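For reference, run_32.pdb (PDB, C-alpha atoms):
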```pdb
ATOM      1  CA  TYR A   1     -12.804   2.131 -14.104
ATOM      2  CA  GLU A   2     -13.151   4.921 -11.524
ATOM      3  CA  LEU A   3     -16.460   3.553 -10.254
ATOM      4  CA  ARG A   4     -14.918   0.097  -9.799
ATOM      5  CA  HIS A   5     -12.078   1.551  -7.737
ATOM      6  CA  LEU A   6     -14.500   3.688  -5.735
ATOM      7  CA  LEU A   7     -16.412   0.558  -4.729
ATOM      8  CA  VAL A   8     -13.178  -1.250  -3.806
ATOM      9  CA  VAL A   9     -12.079   1.661  -1.601
ATOM     10  CA  ALA A  10     -15.522   1.833   0.029
ATOM     11  CA  GLN A  11     -15.362  -1.885   0.880
ATOM     12  CA  GLN A  12     -11.867  -1.549   2.303
ATOM     13  CA  ARG A  13     -12.739   1.445   4.439
ATOM     14  CA  TYR A  14     -16.149   0.196   5.575
ATOM     15  CA  PRO A  15     -16.048  -3.639   5.566
ATOM     16  CA  TRP A  16     -19.652  -3.877   6.771
ATOM     17  CA  LEU A  17     -20.783  -2.449   3.398
ATOM     18  CA  LYS A  18     -19.604  -5.522   1.493
ATOM     19  CA  ALA A  19     -22.799  -7.472   2.159
ATOM     20  CA  HIS A  20     -24.828  -4.655   0.592
ATOM     21  CA  MET A  21     -22.686  -3.940  -2.493
ATOM     22  CA  ALA A  22     -24.125  -6.512  -4.911
ATOM     23  CA  PRO A  23     -26.450  -4.027  -6.705
ATOM     24  CA  ALA A  24     -23.572  -1.581  -7.187
ATOM     25  CA  TRP A  25     -21.334  -4.299  -8.673
ATOM     26  CA  GLN A  26     -24.176  -5.312 -11.000
ATOM     27  CA  VAL A  27     -24.272  -1.741 -12.289
ATOM     28  CA  VAL A  28     -20.512  -1.915 -12.961
ATOM     29  CA  SER A  29     -20.931  -5.198 -14.885
ATOM     30  CA  ARG A  30     -23.758  -3.804 -17.025
ATOM     31  CA  TRP A  31     -21.813  -0.620 -17.676
ATOM     32  CA  GLU A  32     -18.785  -2.596 -18.871
ATOM     33  CA  VAL A  33     -20.984  -4.579 -21.276
ATOM     34  CA  LEU A  34     -22.275  -1.342 -22.819
ATOM     35  CA  GLN A  35     -18.911   0.406 -22.701
ATOM     36  CA  PRO A  36     -16.113  -2.183 -22.585
ATOM     37  CA  VAL A  37     -12.859  -1.292 -20.858
ATOM     38  CA  ARG A  38     -10.140  -0.273 -23.333
ATOM     39  CA  HIS A  39      -6.771  -1.533 -22.168
ATOM     40  CA  ARG A  40      -3.651   0.531 -22.605
ATOM     41  CA  THR A  41      -1.692  -0.701 -25.639
ATOM     42  CA  PRO A  42       1.486  -2.461 -24.417
ATOM     43  CA  LEU A  43       4.941  -1.412 -25.553
ATOM     44  CA  HIS A  44       5.892  -3.732 -28.415
ATOM     45  CA  PHE A  45       9.179  -5.578 -27.910
ATOM     46  CA  SER A  46      10.595  -4.288 -31.217
ATOM     47  CA  LEU A  47       9.757  -0.712 -30.280
ATOM     48  CA  PHE A  48      11.307  -1.232 -26.840
ATOM     49  CA  LYS A  49      14.528  -2.460 -28.470
ATOM     50  CA  ALA A  50      14.510   0.413 -30.951
ATOM     51  CA  MET A  51      14.077   3.034 -28.236
ATOM     52  CA  VAL A  52      16.777   1.524 -26.035
ATOM     53  CA  SER A  53      19.125   1.298 -29.032
ATOM     54  CA  LEU A  54      18.717   5.011 -29.748
ATOM     55  CA  ALA A  55      19.158   5.825 -26.061
ATOM     56  CA  LEU A  56      22.410   3.843 -25.956
ATOM     57  CA  ALA A  57      23.648   5.609 -29.079
ATOM     58  CA  LYS A  58      22.998   8.919 -27.278
ATOM     59  CA  ARG A  59      24.751   7.569 -24.158
ATOM     60  CA  TRP A  60      21.565   7.851 -22.095
ATOM     61  CA  PHE A  61      22.668   4.797 -20.162
ATOM     62  CA  ARG A  62      20.650   5.330 -17.001
ATOM     63  CA  TRP A  63      17.530   6.114 -19.014
ATOM     64  CA  ALA A  64      18.002   2.888 -21.006
ATOM     65  CA  ALA A  65      18.663   0.889 -17.824
ATOM     66  CA  THR A  66      15.576   2.360 -16.151
ATOM     67  CA  VAL A  67      13.350   1.350 -19.072
ATOM     68  CA  SER A  68      14.950  -2.101 -19.139
ATOM     69  CA  LEU A  69      14.290  -2.566 -15.424
ATOM     70  CA  GLY A  70      10.648  -1.670 -15.935
ATOM     71  CA  PHE A  71      10.212  -3.838 -19.031
ATOM     72  CA  TYR A  72      11.966  -7.002 -17.876
ATOM     73  CA  GLY A  73      10.785  -6.567 -14.293
ATOM     74  CA  ILE A  74       7.180  -6.018 -15.495
ATOM     75  CA  ALA A  75       7.030  -2.934 -13.303
ATOM     76  CA  ARG A  76       5.064   0.278 -13.165
ATOM     77  CA  ILE A  77       7.621   2.759 -14.430
ATOM     78  CA  SER A  78       6.839   5.084 -11.513
ATOM     79  CA  GLU A  79       8.169   2.367  -9.183
ATOM     80  CA  VAL A  80      11.524   2.352 -10.962
ATOM     81  CA  LEU A  81      11.720   6.141 -11.164
ATOM     82  CA  LYS A  82      11.316   6.354  -7.377
ATOM     83  CA  ALA A  83      13.945   3.702  -6.646
ATOM     84  CA  LYS A  84      17.449   4.311  -5.303
ATOM     85  CA  ARG A  85      20.582   2.225  -5.721
ATOM     86  CA  MET A  86      20.084   0.779  -2.230
ATOM     87  CA  ASP A  87      16.788  -0.728  -3.476
ATOM     88  CA  LEU A  88      18.506  -2.668  -6.270
ATOM     89  CA  LEU A  89      20.142  -6.008  -5.489
ATOM     90  CA  LEU A  90      22.494  -6.979  -8.304
ATOM     91  CA  PRO A  91      24.322 -10.294  -8.793
ATOM     92  CA  SER A  92      27.572  -8.612  -7.701
ATOM     93  CA  ASP A  93      25.898  -7.527  -4.449
ATOM     94  CA  GLN A  94      25.556 -11.238  -3.667
ATOM     95  CA  PHE A  95      29.370 -11.613  -3.772
ATOM     96  CA  GLY A  96      29.321 -13.462  -7.051
ATOM     97  CA  LEU A  97      28.535 -12.470 -10.635
ATOM     98  CA  ASP A  98      27.123 -15.939 -11.264
ATOM     99  CA  PHE A  99      24.020 -15.149  -9.168
ATOM    100  CA  PRO A 100      21.364 -15.397 -11.912
ATOM    101  CA  ALA A 101      18.963 -12.579 -10.960
ATOM    102  CA  ALA A 102      18.590  -8.979  -9.872
ATOM    103  CA  PHE A 103      15.899  -7.747  -7.498
ATOM    104  CA  LEU A 104      14.411  -4.281  -7.105
ATOM    105  CA  LYS A 105      12.662  -3.443  -3.855
ATOM    106  CA  VAL A 106       9.381  -1.585  -4.402
ATOM    107  CA  ARG A 107       8.544   0.706  -1.500
ATOM    108  CA  ASN A 108       4.992   1.886  -0.952
ATOM    109  CA  PRO A 109       3.549  -0.214  -3.847
ATOM    110  CA  LYS A 110       0.167   0.503  -5.401
ATOM    111  CA  THR A 111      -1.230  -2.881  -4.302
ATOM    112  CA  LYS A 112      -0.148  -2.668  -0.650
ATOM    113  CA  ARG A 113      -3.802  -2.321   0.432
ATOM    114  CA  ARG A 114      -4.837  -5.429  -1.498
ATOM    115  CA  GLY A 115      -2.983  -7.943   0.645
ATOM    116  CA  ARG A 116       0.205  -7.926  -1.447
ATOM    117  CA  GLY A 117       2.554  -6.522   1.210
ATOM    118  CA  ARG A 118       3.814  -3.043   2.027
ATOM    119  CA  VAL A 119       7.213  -3.817   0.475
ATOM    120  CA  GLN A 120       7.382  -5.837  -2.732
ATOM    121  CA  HIS A 121      10.057  -6.634  -5.295
ATOM    122  CA  LEU A 122      10.772  -7.123  -8.985
ATOM    123  CA  LYS A 123      12.947  -9.898 -10.384
ATOM    124  CA  ILE A 124      15.050  -9.715 -13.552
ATOM    125  CA  GLN A 125      16.786 -12.794 -14.955
ATOM    126  CA  ASP A 126      17.684 -12.040 -18.573
ATOM    127  CA  PRO A 127      21.497 -12.515 -18.780
ATOM    128  CA  MET A 128      22.176  -9.626 -21.180
ATOM    129  CA  ILE A 129      20.021  -7.210 -19.185
ATOM    130  CA  LEU A 130      21.721  -8.316 -15.955
ATOM    131  CA  ARG A 131      25.137  -7.491 -17.397
ATOM    132  CA  PHE A 132      23.845  -4.114 -18.547
ATOM    133  CA  LEU A 133      22.377  -3.309 -15.127
ATOM    134  CA  GLU A 134      25.679  -4.254 -13.519
ATOM    135  CA  THR A 135      27.564  -1.914 -15.840
ATOM    136  CA  VAL A 136      25.241   1.031 -15.276
ATOM    137  CA  PHE A 137      24.286   0.733 -11.614
ATOM    138  CA  ALA A 138      26.865  -1.353  -9.715
ATOM    139  CA  SER A 139      29.173   1.535  -8.778
ATOM    140  CA  LEU A 140      26.364   3.999  -8.012
ATOM    141  CA  ASP A 141      26.226   5.479  -4.497
ATOM    142  CA  PRO A 142      23.502   3.688  -2.458
ATOM    143  CA  THR A 143      21.646   6.937  -1.755
ATOM    144  CA  LEU A 144      21.365   8.034  -5.402
ATOM    145  CA  SER A 145      18.274   7.519  -7.543
ATOM    146  CA  LEU A 146      18.587   4.985 -10.361
ATOM    147  CA  PHE A 147      17.324   7.616 -12.785
ATOM    148  CA  PRO A 148      18.992  10.924 -11.889
ATOM    149  CA  LEU A 149      16.413  13.302 -13.380
ATOM    150  CA  SER A 150      12.709  14.000 -12.907
ATOM    151  CA  ALA A 151       9.775  11.988 -14.237
ATOM    152  CA  ALA A 152       9.129  14.883 -16.639
ATOM    153  CA  SER A 153      12.685  14.555 -17.991
ATOM    154  CA  PHE A 154      12.184  10.818 -18.429
ATOM    155  CA  ARG A 155       8.997  11.499 -20.422
ATOM    156  CA  SER A 156      10.729  14.199 -22.483
ATOM    157  CA  ARG A 157      13.420  11.730 -23.587
ATOM    158  CA  TRP A 158      10.724   9.128 -24.276
ATOM    159  CA  GLU A 159       8.960  11.539 -26.637
ATOM    160  CA  LYS A 160      12.207  12.559 -28.312
ATOM    161  CA  LEU A 161      13.024   8.939 -29.157
ATOM    162  CA  LEU A 162       9.532   8.387 -30.572
ATOM    163  CA  ASP A 163       9.990  11.532 -32.676
ATOM    164  CA  GLU A 164      13.214  10.141 -34.119
ATOM    165  CA  LEU A 165      11.442   6.876 -34.948
ATOM    166  CA  PHE A 166       8.623   8.814 -36.678
ATOM    167  CA  ILE A 167       5.939   7.268 -34.469
ATOM    168  CA  PRO A 168       2.649   9.125 -35.189
ATOM    169  CA  ALA A 169       0.915  10.880 -32.310
ATOM    170  CA  GLY A 170      -2.205   8.730 -32.521
ATOM    171  CA  THR A 171      -0.342   5.438 -32.053
ATOM    172  CA  ARG A 172       2.317   6.477 -29.537
ATOM    173  CA  PRO A 173       2.661   4.353 -26.423
ATOM    174  CA  THR A 174       3.146   6.137 -23.123
ATOM    175  CA  PRO A 175       5.666   5.156 -20.430
ATOM    176  CA  ALA A 176       2.783   3.413 -18.655
ATOM    177  CA  SER A 177       2.829   0.849 -21.497
ATOM    178  CA  ILE A 178       6.201  -0.535 -20.353
ATOM    179  CA  ARG A 179       4.656  -2.895 -17.794
ATOM    180  CA  GLY A 180       2.149  -4.299 -20.278
ATOM    181  CA  GLY A 181       4.889  -4.789 -22.852
ATOM    182  CA  GLY A 182       6.991  -6.791 -20.416
ATOM    183  CA  CYS A 183       3.953  -8.879 -19.482
ATOM    184  CA  ILE A 184       3.124  -9.674 -23.121
ATOM    185  CA  LEU A 185       6.739 -10.597 -23.927
ATOM    186  CA  ALA A 186       6.944 -12.956 -20.927
ATOM    187  CA  TYR A 187       3.646 -14.588 -21.937
ATOM    188  CA  GLN A 188       4.753 -14.979 -25.565
ATOM    189  CA  GLN A 189       7.979 -16.584 -24.353
ATOM    190  CA  GLY A 190       5.988 -19.247 -22.504
ATOM    191  CA  GLU A 191       5.681 -17.946 -18.958
ATOM    192  CA  ASP A 192       2.593 -19.357 -17.247
ATOM    193  CA  ILE A 193      -0.221 -17.277 -15.821
ATOM    194  CA  SER A 194       0.482 -18.072 -12.163
ATOM    195  CA  ASN A 195       4.115 -16.998 -12.456
ATOM    196  CA  LEU A 196       3.077 -13.839 -14.296
ATOM    197  CA  MET A 197       0.671 -13.014 -11.488
ATOM    198  CA  TRP A 198       3.493 -13.368  -8.959
ATOM    199  CA  ARG A 199       5.869 -11.211 -11.002
ATOM    200  CA  MET A 200       3.230  -8.542 -11.637
ATOM    201  CA  ARG A 201       2.080  -8.686  -7.998
ATOM    202  CA  VAL A 202      -1.595  -9.058  -8.893
ATOM    203  CA  SER A 203      -4.183 -11.347  -7.316
ATOM    204  CA  ASN A 204      -7.012 -11.375  -9.872
ATOM    205  CA  GLN A 205      -6.279 -14.105 -12.401
ATOM    206  CA  SER A 206      -9.351 -13.433 -14.555
ATOM    207  CA  THR A 207      -8.324  -9.785 -15.074
ATOM    208  CA  LEU A 208      -4.876 -10.852 -16.276
ATOM    209  CA  GLU A 209      -6.359 -13.553 -18.505
ATOM    210  CA  HIS A 210      -8.730 -11.052 -20.128
ATOM    211  CA  TYR A 211      -5.856  -8.648 -20.716
ATOM    212  CA  LEU A 212      -3.694 -11.329 -22.337
ATOM    213  CA  GLN A 213      -6.564 -12.595 -24.479
ATOM    214  CA  GLU A 214      -7.210  -9.085 -25.759
ATOM    215  CA  MET A 215      -3.669  -7.750 -26.136
ATOM    216  CA  ALA A 216      -1.302 -10.678 -26.823
ATOM    217  CA  ALA A 217      -2.281 -10.849 -30.494
ATOM    218  CA  ASP A 218      -2.539  -7.069 -30.900
ATOM    219  CA  SER A 219       0.370  -5.005 -32.183
ATOM    220  CA  VAL A 220       0.844  -1.289 -32.656
ATOM    221  CA  MET A 221       3.472  -2.188 -35.264
ATOM    222  CA  ASN A 222       0.728  -3.173 -37.715
ATOM    223  CA  ARG A 223      -0.696   0.351 -37.545
ATOM    224  CA  LEU A 224       2.527   2.263 -38.163
ATOM    225  CA  PRO A 225       3.400   3.969 -41.476
ATOM    226  CA  GLU A 226       6.009   2.236 -43.604
ATOM    227  CA  MET A 227       8.705   4.798 -42.762
ATOM    228  CA  SER A 228       8.138   4.319 -39.020
ATOM    229  CA  THR A 229       8.193   0.528 -39.328
ATOM    230  CA  CYS A 230      11.454   0.662 -41.260
ATOM    231  CA  LYS A 231      13.109   2.893 -38.654
ATOM    232  CA  VAL A 232      11.914   0.732 -35.754
ATOM    233  CA  LYS A 233      13.115  -2.493 -37.385
ATOM    234  CA  THR A 234      16.517  -1.010 -38.215
ATOM    235  CA  ALA A 235      17.080   0.391 -34.739
ATOM    236  CA  ALA A 236      15.835  -2.820 -33.084
ATOM    237  CA  LEU A 237      18.371  -4.876 -35.045
ATOM    238  CA  LEU A 238      21.143  -2.877 -33.361
ATOM    239  CA  PHE A 239      19.881  -3.687 -29.869
ATOM    240  CA  PRO A 240      22.090  -6.734 -29.083
ATOM    241  CA  LEU A 241      25.163  -5.127 -30.657
ATOM    242  CA  LEU A 242      24.783  -1.879 -28.695
ATOM    243  CA  MET A 243      24.037  -3.788 -25.499
ATOM    244  CA  GLU A 244      27.203  -5.861 -25.889
ATOM    245  CA  HIS A 245      29.217  -2.727 -26.634
ATOM    246  CA  SER A 246      27.800  -1.060 -23.506
ATOM    247  CA  VAL A 247      28.894  -3.872 -21.197
ATOM    248  CA  SER A 248      32.290  -4.514 -22.773
TER     249      SER A 248
END
```
Show this structure as structure tokens.
Amino acid sequence: YELRHLLVVAQQRYPWLKAHMAPAWQVVSRWEVLQPVRHRTPLHFSLFKAMVSLALAKRWFRWAATVSLGFYGIARISEVLKAKRMDLLLPSDQFGLDFPAAFLKVRNPKTKRRGRGRVQHLKIQDPMILRFLETVFASLDPTLSLFPLSAASFRSRWEKLLDELFIPAGTRPTPASIRGGGCILAYQQGEDISNLMWRMRVSNQSTLEHYLQEMAADSVMNRLPEMSTCKVKTAALLFPLLMEHSVS
């Protein structure tokens, strides 16, 4: 992984090297055959719903909204944690609650050097999530961060929720799994590859296809103890009820 990125950076910084890089890329290909890349396990939709349900019960509304933005926007969670209210365009900001999408401006994105633009955006269309985002963020001052605490505080709450769900240490997803979880859910709901590429702001279709082939049929839920599975299922069932209560 690091060697691949080193070669990409070298080509970007010294374009004349590209014609001479074939042997180096062959080494990368052979290395990946001997030691295949292990993708980060995506956040399962049921576990996402369970964690958000517990967060809502604790009244961690901005934490829950931040995770929801990352999951349904298929975003790197760091992008959401850095965002301010002025970066979020809600339906109500368009002078009408019937506007069917929210957009989050991503400043200084990771892929800005790969021809994807220095400013990018996320798009969220799920009606229930839109109502929740309106409730949590609409009245926020434009200069305030969407999540009011540090990234370490976000991670601390993440771990606390996993503790309460009895998720074992060896199978715990990290916050970085949020983007993959949103991608898998969109794919399972029928979204096509080209649209996923646009939403994820990636340009390499084969990489995304390989990821989906490997991870779409995988599930951390199958590796959880019975007690953990029971807690996740129970909490996930409360997700729509708690969401409706939050926006009412």
Pairwise distance for atom CA of Leu3 of chain A and atom CA of Gln205 of chain A, rounded to one decimal in Å: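 Interatomic distance, atom CA of Leu3 of chain A to atom CA of Gln205 of chain A: 20.5 Å.
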Running the PyMOL selection byres ((chain A and resi 69-84) around 9) on this model by hand, what would come out? Give it as a PyMOL selection string. chain A and resi 43+48+64-68+85-88+103-109+122-126+129+133+141-151+154+175-183+185-186+196+199-200
As an exercise, work out the distance from atom CA of Val232 of chain A to atom CA of Arg172 of chain A in Å and give it to one decimal place.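 So the answer is 12.8 Å.
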Atom CA of Gln94 of chain A to atom CA of Ala138 of chain A, straight-line distance in Å: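 Answer for the atom CA of Ala138 of chain A to atom CA of Gln94 of chain A separation: 11.7 Å.
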Listed atoms of segment 154-167 of chain A boxed along x, y and z, 3 Å each side, centre and edge lengths in Å, one decimal, as JSON:
```
{"center_x": 9.7, "center_y": 10.5, "center_z": -27.6, "size_x": 13.5, "size_y": 13.3, "size_z": 24.2}
```
Contacts of segment 102-200 of chain A with segment 52-59 of chain A up to 9 Å, shortest pair per row, only C-alpha atoms, as a Markdown table:
```
| residue | atom | partner | partner_atom | distance |
| --- | --- | --- | --- | --- |
| A:Arg157 | CA | A:Ala55 | CA | 8.6 |
| A:Leu161 | CA | A:Leu54 | CA | 6.9 |
| A:Glu164 | CA | A:Leu54 | CA | 8.7 |
```
